[in-house]
Every structure is written in structure tokens, then in C-alpha cells.
Amino acid sequence: MVTDNPEEPGTRSAAHDWSTDITHKGRWFTDAHGRRLLMHGVNLCGSSKLPTKPYPGSTHLYDENLFWDHRSVSFVGRPFPLSDAPKHFARLRAWGLTLVRLLIPWESIEHAGPGEYDEEYIDYLRELIKIMPEYGIKCFIDPHQDTWSRFSGGSGAPGWTFEMAGMDIRAFKETGAAYVHNTNAVPGDPLPMVWPTNYTKLACCTMFTLFFAGDTFAPKHKYQDQSIQELLSNCFINAFQHLATRLVDLEAVIGFEVMNEPHPGYIGLETLKEFDSIVNLIFGDAPTPLQSFALGDGIPQKVGVYIKSWPFPTRRSHTRMINEGKRSAWTSGGSCIWRQHGVWGLNDKGEPVLHNSSYFAKHPVTGVKIDFYQDFYVPFVNKYAQAIQKVKPDWFCFVEPLANEKAPVYSDADHHHNMVFAPHWYDLNCVFYKKFDGRVTHDVQALQSGGNVISATYFGRKGAKTNYRGQIKNIKTSGLENMGEKPCILGEVGIPMDLNQRAAFATGDYTHHIHFMDAAIHALETNLVSYTLWNYDVCNDDLYGDHWNGENFSIFTSRELADKSDKDDLASLATRASSKTILQDPSGLHDGGRVLQAVIRPYASKVAGTPEKAEFDIDSLEYLFVFKPFAEERANTTTELYIPQYHYGSAKTSIEVHVSEGTWEYAPESQTLYHRYNRSSSSENSITIRVNSADRSKKHASDTKCNIM
């Protein structure tokens, strides 16, 4: 049954317009009317890890002078120039992706030195975020890092943090302390995806260990007579608390994340003889922990070199000598921190040997076994969250473990106010091999937990969906069990676009990509979790991808715009301050999009009850949503669903809607379906909403008639 006006006073909006205040009740995000929320969005963006000045910071570029000048950089213009913001925000709004995880590396705001903040960049961020409400967009701040810093092969921390640790960033390549893509780039050659191997290398492991547990494992190391742990962690917290004070008045900001994919470094390692290849990527040059210590201290080592293989991800191929020039990774006059603390030393023959292989597995003084999350990470999270919420108590604080890992365990004594579980998930097997054809997938989560290959193998598209759905369910469940009744949002989920030897770039056939992305998002929607896809990057192109370390994940690419003019006034598609709508001027909105058939999908965003089931069939275009209505007498009864024109067209007659109870209205100009149940006549049963494409239904009916004949 259709009604002309199903909405209640004050609730009329586009389904994907987050003009409301967002709070939470238990595991659900809620709006001002108490409705349960499911939010879809993107990360902005991969290239935000890199500076814009003094030269474009893409990791395939290297300038001997400019690259090392880490104190004079600028990130103004990341993720894109302010003049371009309206068209990108309009595009995201049209795609129904109106929650933004905004990447802001520590380096971007405190590169000049401790306590010296880049107010010019923060001014830019303020102006960028001010534009978001015009497009119904909310955001949360992501202090992004990968393998600690750009200078240890990733992103995140300022270069001066290595100076505090006594490390020489210019020596990392020769000593094997880090694989930095810029210094290893070969012009014209696509970069290999080896940046995660830095999580087992000296620079990254040392910095994370000092940051989280320097007082425990390196108490002798001081910087200007101060604790290295306190200096590093306080600088980080103070920098983002300062940013919080600058952004506190902005409507679009809903909170701050703690840290992207925190890493324990050496903390918790049972042995320093080798790294566990089940939980670490051992690829390319792979020195053991002891060899890393020795190399950093100027002692040449013959290390194993690993290549891709099957069924194990990599295997040892050969060995090679590293640091034959006997260079030290430590600054002039310094020596290895871990040698100073008795972890290792030299035998009578001058060979490196371990003195305490389990040094990082237990407290050096008490001998008590340590746990990274419980003993170091959660206490840091508590301190950070309190600092951010001191600025604005209503803000959420998003916390995550390492990618694909379970949630940290929270006790009653930990900080619980407005905490959100924000894990990441990728099909690590497909990401590493950059292959997906829909025939076979593997449950890496199960394999890392000791499962066998046979039981962790799934076949076909249906199998991929089952596989991924189970993994997301496990992650979500771990959050509820370990952190309590808190909202869950998948902060990163995505697929590499350079799959299958980059074949789609030549053929234009993205079928495998679409099926891959569909399986991943299907796992999210069926588990009823919000998410932000990785990622939307305006710098993306076929050759260098997202311009960071060989990654190519962006759902947007400049390649598709190369032959198009940029005259479309997409800024006119704001939700407020303009009467124009998507229906009246849809030009250019999908230009540059990749795998949109899977990315753009219907979803119930504001639910007048508790969501119970959601599923979109990309082949039939049927969307099914089931929810339990609110029992409270004064509860809101209007549910809003985003129904994209991309799939269903722009006419009111372009969709077929079947509801088990209540009335509905479709507003194609705002891509919204409104459903309302009658509180007085509503039963205690769940309500089902089923949406189909009218054109697809007609075609199916026609095909059926032909089959009968």
C-alpha cells in the first residue's frame, strides 16, 4: 500500500543524509528520534598518507634532498583541494556513501617538531569539514599509520620520532631496518606490495615497542633525560587533542579514532629466533629479530629471501648478504637499544647471539607474562579517549585491533563511554596474491587460528559470501564479547583493483572485481554492521594506483575522467542551500567510479526498530530488509531506506515494493523509500520490506511466459 505522507513531523530527510546528531544505545548507533542507524561510507583517502609539498609525496618518486626534509612538509590539499570538494562530496552522496573516515596522519599536523602544530593544514581541514553537512556527510578522524612512518616504509609518525629513539632514517635501506618504497623505486616499474613486511623489521618494531612499552623494555633509553615512552605517547595524544580543540565546533565530526591498526612491535614475542610466518608476512629480505639487531648495529648478515608460494603464502628461495658496508642504523655515537638492555650481544667469535630470547614475552623485572592489548594498548586507549572526550564528551572514540584480529578485552575499570569497536577486514589471501576469479576462496582467519586448508576452502560466488560472512560475524562477535554492548563499524574493507595481473585495465571487464566486492559488502550488510570502504582516492590511476606503496584499492579513478570535461556543476547537488536534485542534474556523478554495481546498493539507514536481516542480490536487484518494530508507545515509526537510482532508475514507478505491514512512499529525487507502520495496529511480529526493480520484474515475467510457450 502506498501513502503520500508516511513520515512523521521533523523526520523527513534523505535516507543517507546525516543531518541528525548521532548517539548510541548499546550496540546500535541512533539518531535524535531513537532510530537504529546503519551507515555506509568511505575512507578519504590513501594518498592522504603523503605530503603535497615540497614535492608530491607519491611513493614511486624520490628526491635525494626533498624526501629527507621531514620537518618542512605540508599536507594542505589532502585528500583534495577545497575547490574540488563539492563535486567529490556530491558524488559520494549520490552513491549513498555519506560517512567519511578522514585520514589525518600524525606527521601531517606535527611534522615540524614536538608541540609545533601545522595550523595551516588544520585551517584547511576545518574548511573541508565545514562543507560536509551540505551533502549530509558525517566524519570521524583517523590518526592513520602503517608500519609507524613514511620513513620506515609506511605512513604516520613524524620523522623526528626516530631522532628521539636514536635512529638514522637514511641508513634504513642499507641496514635492512625498513623497506622504503621511495628509496627502492625503479622508474616505470610498478611497485611490489611488500610494505607490510616492515612490521617485522627493526625500525618499525623498535618504534612501536618504545611507544607502547618503552618504560618496561627500554628503561635505560632516555631523550633529553625524559622517558621515551612518555615523550612519544604524550606527543601523539597532545597533537590530536589539539586538533580536537580546533574541530570541536564542526557539525560533521562525530569522533576520533585512536590509531589505525596499532602494532605491538616486539611486545609479546615468545622467541627472538624467528618471526611466526602464520601471523606475519615473511616476504623479500626477511632477517630474523636477532639478525635485524645485528644488521642495525653494523654487523653484516646473510638473510633469507622469500618468494610467493602455495599453500603457504611464501617460501625461502635463497639468501643474500645485507649491510656489507657495516653501516649503523643508529645515530652517530649510538648503539642498539636492545643490545644495551641485554637482549643480545656478541660471543667470543664476535658473532651475534641472543642472551634472552623471551625478553619481550614477560616483564623484565617481575617475570610475569605480558599481553600487548591488556598491559599496554588498552591503557593507552583509555588515556587517549579521555583526552579527546575532555574536549567534547559526546564524541565517539573508535578503537581497533590489528587487521582481522579479535577485539581487545575490556574490564570494568577501562574507559567505556562512547567507545566504538572499529575493526578492519580484508581477504588477505586475495590481497596478497592479487587474484580473484570467484571459483575458490580461503578463510585466512581460520588458517591463522590453526585450521586446515580443506575446511577453510570455499567454492564459487556463494561460497565466497558464506566464507566472508562467517569471518565478519566472528569479528563482530568478538567485539560484543570482549568490549561489551558497543556499536561496531568496519573501518576498512576493500579489494585491490589491479587483480588478475591488471587485466581489467586493458579489457574494461571488471566482472571479477564486482563479484569480489559484492561478496565482501554482502558479508557486512548481512551482519548488520556499518562500514567505510577502503578507499576513495582522487589521485588514483592505473599505473601507480593510489600512489602509495603499490596499492590500488580506490573505488574512484582519474583514468575514467581523462577524456571528459570538468564543467559539470556537481556542487549544485548539495542537500541544502540548493533546490537542484540528483534527478534534475545527474550528469557526471558516476564518472570515475569503479565496481559501482557492487559498491552502490540499497540499505535501510534509519530504522524504526531493531534490524534483523538485510540482503541485496546484485543479480536480481532484490533488496530484503527485516526489522522488529519498537515496542515503546511514543517511539518513531518511520524507517528510511536508500534506494539508488543507479540500480532502480529515477521514476516513481521504477521499483516494486512489498511490505508485510504498514505503508510506504518512494521519493526518487532523494533516492529514499519511506516506510511507516501504524503503532495502534502493529503486531509484535517482525516487518519485512522487499524492494525489486520494476524493469527487472517485467523482464522476468516476460521470460517466464516465453519459457511456458
# chains A, B, ... in the order shown; residues from 1 in each chain; ligands from 1

$ residues_around --residues "range 512-521 of chain A" --least-positions-apart "4" --cutoff "8 Å" --atoms "only C-alpha atoms" --output "JSON, numbers by chain"
{"A": [436, 437, 438, 461, 464, 465, 468, 469, 493, 494, 495, 497, 499, 525, 595, 596, 597, 598, 599, 618]}

$ write_last_selection --atoms "C-alpha atoms" --output "short mmCIF file (atom, residue, chain, number, x, y, z; two decimals), in the first residue's frame"
data_model
loop_
_atom_site.label_atom_id
_atom_site.label_comp_id
_atom_site.auth_asym_id
_atom_site.auth_seq_id
_atom_site.Cartn_x
_atom_site.Cartn_y
_atom_site.Cartn_z
CA PHE A 436 40.13 -13.40 -7.53
CA ASP A 437 38.07 -15.29 -10.09
CA GLY A 438 35.15 -16.32 -7.90
CA ARG A 461 30.44 -16.91 -5.51
CA ALA A 464 32.80 -16.63 -1.05
CA LYS A 465 29.78 -14.94 0.51
CA TYR A 468 33.29 -13.75 4.28
CA ARG A 469 30.02 -13.58 6.19
CA VAL A 493 37.10 -3.20 3.87
CA GLY A 494 38.15 -3.23 0.24
CA ILE A 495 39.59 -5.05 -2.75
CA MET A 497 41.62 -3.15 -8.37
CA LEU A 499 43.60 -8.04 -9.67
CA GLU A 525 25.20 -5.99 5.29
CA VAL A 595 32.78 -1.55 -9.50
CA LEU A 596 29.77 0.64 -8.78
CA GLN A 597 27.43 -2.29 -9.44
CA ALA A 598 28.60 -3.69 -6.10
CA VAL A 599 29.53 -0.50 -4.25
CA ILE A 618 23.18 -8.00 -7.11
#

$ closest_atom_pairs --of "range 530-557 of chain A" --to "range 139-149 of chain A" --cutoff "12 Å" --atoms "only C-alpha atoms" --output "tab-separated table"
residue	atom	partner	partner_atom	distance
A:Thr532	CA	A:Cys139	CA	10.2
A:Trp548	CA	A:Asp146	CA	11.0
A:Asn549	CA	A:Asp146	CA	10.7

$ residues_around --residues "range 309-312 of chain A" --least-positions-apart "5" --cutoff "10 Å" --atoms "only C-alpha atoms" --output "list of chain:residue names"
A:Ser277, A:Ile278, A:Ser317, A:Tyr433, A:Val453

$ atom_distance --atom1 "CA of Trp425 in chain A" --atom2 "CA of Gly46 in chain A"
16.3 Å

$ residues_around --residues "Phe421 in chain A" --least-positions-apart "6" --cutoff "9 Å" --atoms "only C-alpha atoms" --output "JSON list (two decimals) with N, CA, C and O atoms, in the first residue's frame"
[["chain", "number", "residue", "atom", "x", "y", "z"],
["A", 397, "CYS", "N", 34.78, 7.45, 20.39],
["A", 397, "CYS", "CA", 36.19, 7.10, 20.25],
["A", 397, "CYS", "C", 36.24, 5.70, 19.65],
["A", 397, "CYS", "O", 35.74, 4.74, 20.24],
["A", 398, "PHE", "N", 36.81, 5.60, 18.47],
["A", 398, "PHE", "CA", 36.84, 4.35, 17.70],
["A", 398, "PHE", "C", 38.13, 3.61, 17.98],
["A", 398, "PHE", "O", 39.23, 4.17, 17.86],
["A", 399, "VAL", "N", 38.01, 2.34, 18.35],
["A", 399, "VAL", "CA", 39.19, 1.55, 18.73],
["A", 399, "VAL", "C", 39.21, 0.25, 17.94],
["A", 399, "VAL", "O", 38.17, -0.35, 17.67],
["A", 400, "GLU", "N", 40.40, -0.19, 17.60],
["A", 400, "GLU", "CA", 40.54, -1.39, 16.76],
["A", 400, "GLU", "C", 41.76, -2.19, 17.17],
["A", 400, "GLU", "O", 42.69, -1.65, 17.78],
["A", 401, "PRO", "N", 41.77, -3.46, 16.83],
["A", 401, "PRO", "CA", 42.97, -4.28, 16.97],
["A", 401, "PRO", "C", 43.74, -4.26, 15.65],
["A", 401, "PRO", "O", 43.44, -3.46, 14.76],
["A", 407, "ALA", "N", 38.72, -8.39, 19.06],
["A", 407, "ALA", "CA", 38.71, -7.15, 19.83],
["A", 407, "ALA", "C", 39.54, -7.30, 21.10],
["A", 407, "ALA", "O", 39.62, -8.38, 21.69],
["A", 476, "LYS", "N", 32.71, -9.35, 14.62],
["A", 476, "LYS", "CA", 31.66, -8.60, 15.32],
["A", 476, "LYS", "C", 31.38, -9.22, 16.69],
["A", 476, "LYS", "O", 31.26, -8.51, 17.70],
["A", 479, "GLY", "N", 33.87, -8.38, 19.36],
["A", 479, "GLY", "CA", 33.69, -7.05, 19.93],
["A", 479, "GLY", "C", 32.66, -7.05, 21.04],
["A", 479, "GLY", "O", 32.86, -6.45, 22.10],
["A", 480, "LEU", "N", 31.54, -7.72, 20.81],
["A", 480, "LEU", "CA", 30.48, -7.78, 21.81],
["A", 480, "LEU", "C", 30.94, -8.55, 23.04],
["A", 480, "LEU", "O", 30.62, -8.17, 24.18],
["A", 483, "MET", "N", 34.41, -6.37, 24.45],
["A", 483, "MET", "CA", 34.28, -4.95, 24.79],
["A", 483, "MET", "C", 32.91, -4.60, 25.35],
["A", 483, "MET", "O", 32.71, -3.50, 25.87],
["A", 486, "LYS", "N", 28.69, -2.49, 22.52],
["A", 486, "LYS", "CA", 29.13, -1.25, 21.87],
["A", 486, "LYS", "C", 28.89, -1.36, 20.37],
["A", 486, "LYS", "O", 28.91, -2.45, 19.80],
["A", 487, "PRO", "N", 28.68, -0.23, 19.70],
["A", 487, "PRO", "CA", 28.50, -0.27, 18.24],
["A", 487, "PRO", "C", 29.74, -0.84, 17.56],
["A", 487, "PRO", "O", 30.86, -0.72, 18.06],
["A", 488, "CYS", "N", 29.51, -1.42, 16.40],
["A", 488, "CYS", "CA", 30.61, -1.95, 15.58],
["A", 488, "CYS", "C", 30.54, -1.32, 14.20],
["A", 488, "CYS", "O", 29.48, -1.28, 13.57],
["A", 489, "ILE", "N", 31.67, -0.81, 13.75],
["A", 489, "ILE", "CA", 31.77, -0.31, 12.38],
["A", 489, "ILE", "C", 33.06, -0.84, 11.78],
["A", 489, "ILE", "O", 34.12, -0.78, 12.41],
["A", 490, "LEU", "N", 32.95, -1.43, 10.60],
["A", 490, "LEU", "CA", 34.16, -1.90, 9.91],
["A", 490, "LEU", "C", 34.86, -0.70, 9.28],
["A", 490, "LEU", "O", 34.39, -0.15, 8.29]]

$ select_by_dssp --residues "range 114-252 of chain A" --states "helix (DSSP H, G or I)" --output "ChimeraX atom specification"
/A:119-135,150-152,160-165,169-175,181-184,195-200,202-217,228-247

$ atom_distance --atom1 "CA of Arg78 in chain A" --atom2 "CA of Asn65 in chain A"
22.4 Å

$ atom_distance --atom1 "CA of Glu622 in chain A" --atom2 "CA of Thr672 in chain A"
15.7 Å

$ residues_around --residues "Gln501 in chain A" --least-positions-apart "3" --cutoff "12 Å" --atoms "only C-alpha atoms" --output "MDAnalysis selection string"
chainID A and resid 190 433:437 496:498 504:507 542

$ residues_around --residues "Lys326 in chain A" --least-positions-apart "5" --cutoff "7 Å" --atoms "only C-alpha atoms" --output "PyMOL selection string"
chain A and resi 298-300

$ write_last_selection --atoms "C-alpha atoms" --output "short mmCIF file (atom, residue, chain, number, x, y, z; two decimals), in the first residue's frame"
data_model
loop_
_atom_site.label_atom_id
_atom_site.label_comp_id
_atom_site.auth_asym_id
_atom_site.auth_seq_id
_atom_site.Cartn_x
_atom_site.Cartn_y
_atom_site.Cartn_z
CA GLY A 298 76.62 -2.59 11.67
CA ILE A 299 77.20 -6.35 11.53
CA PRO A 300 76.67 -7.89 8.02
#

$ closest_residue --among "A:Gly156, A:Pro287, A:Gly115, A:Pro81" --to "Glu127 in chain A" --atoms "only C-alpha atoms"
A:Pro81

$ closest_residue --among "A:Asn552, A:Ser620, A:Thr98, A:Ser47" --to "Gly136 in chain A" --atoms "only C-alpha atoms"
A:Thr98

$ residues_around --residues "Phe283 in chain A" --least-positions-apart "2" --cutoff "7 Å" --atoms "only C-alpha atoms" --output "list of chain:residue names"
A:Thr197, A:Leu281, A:Asp285, A:Ala286, A:Val305, A:Tyr306, A:Ile307, A:Thr314
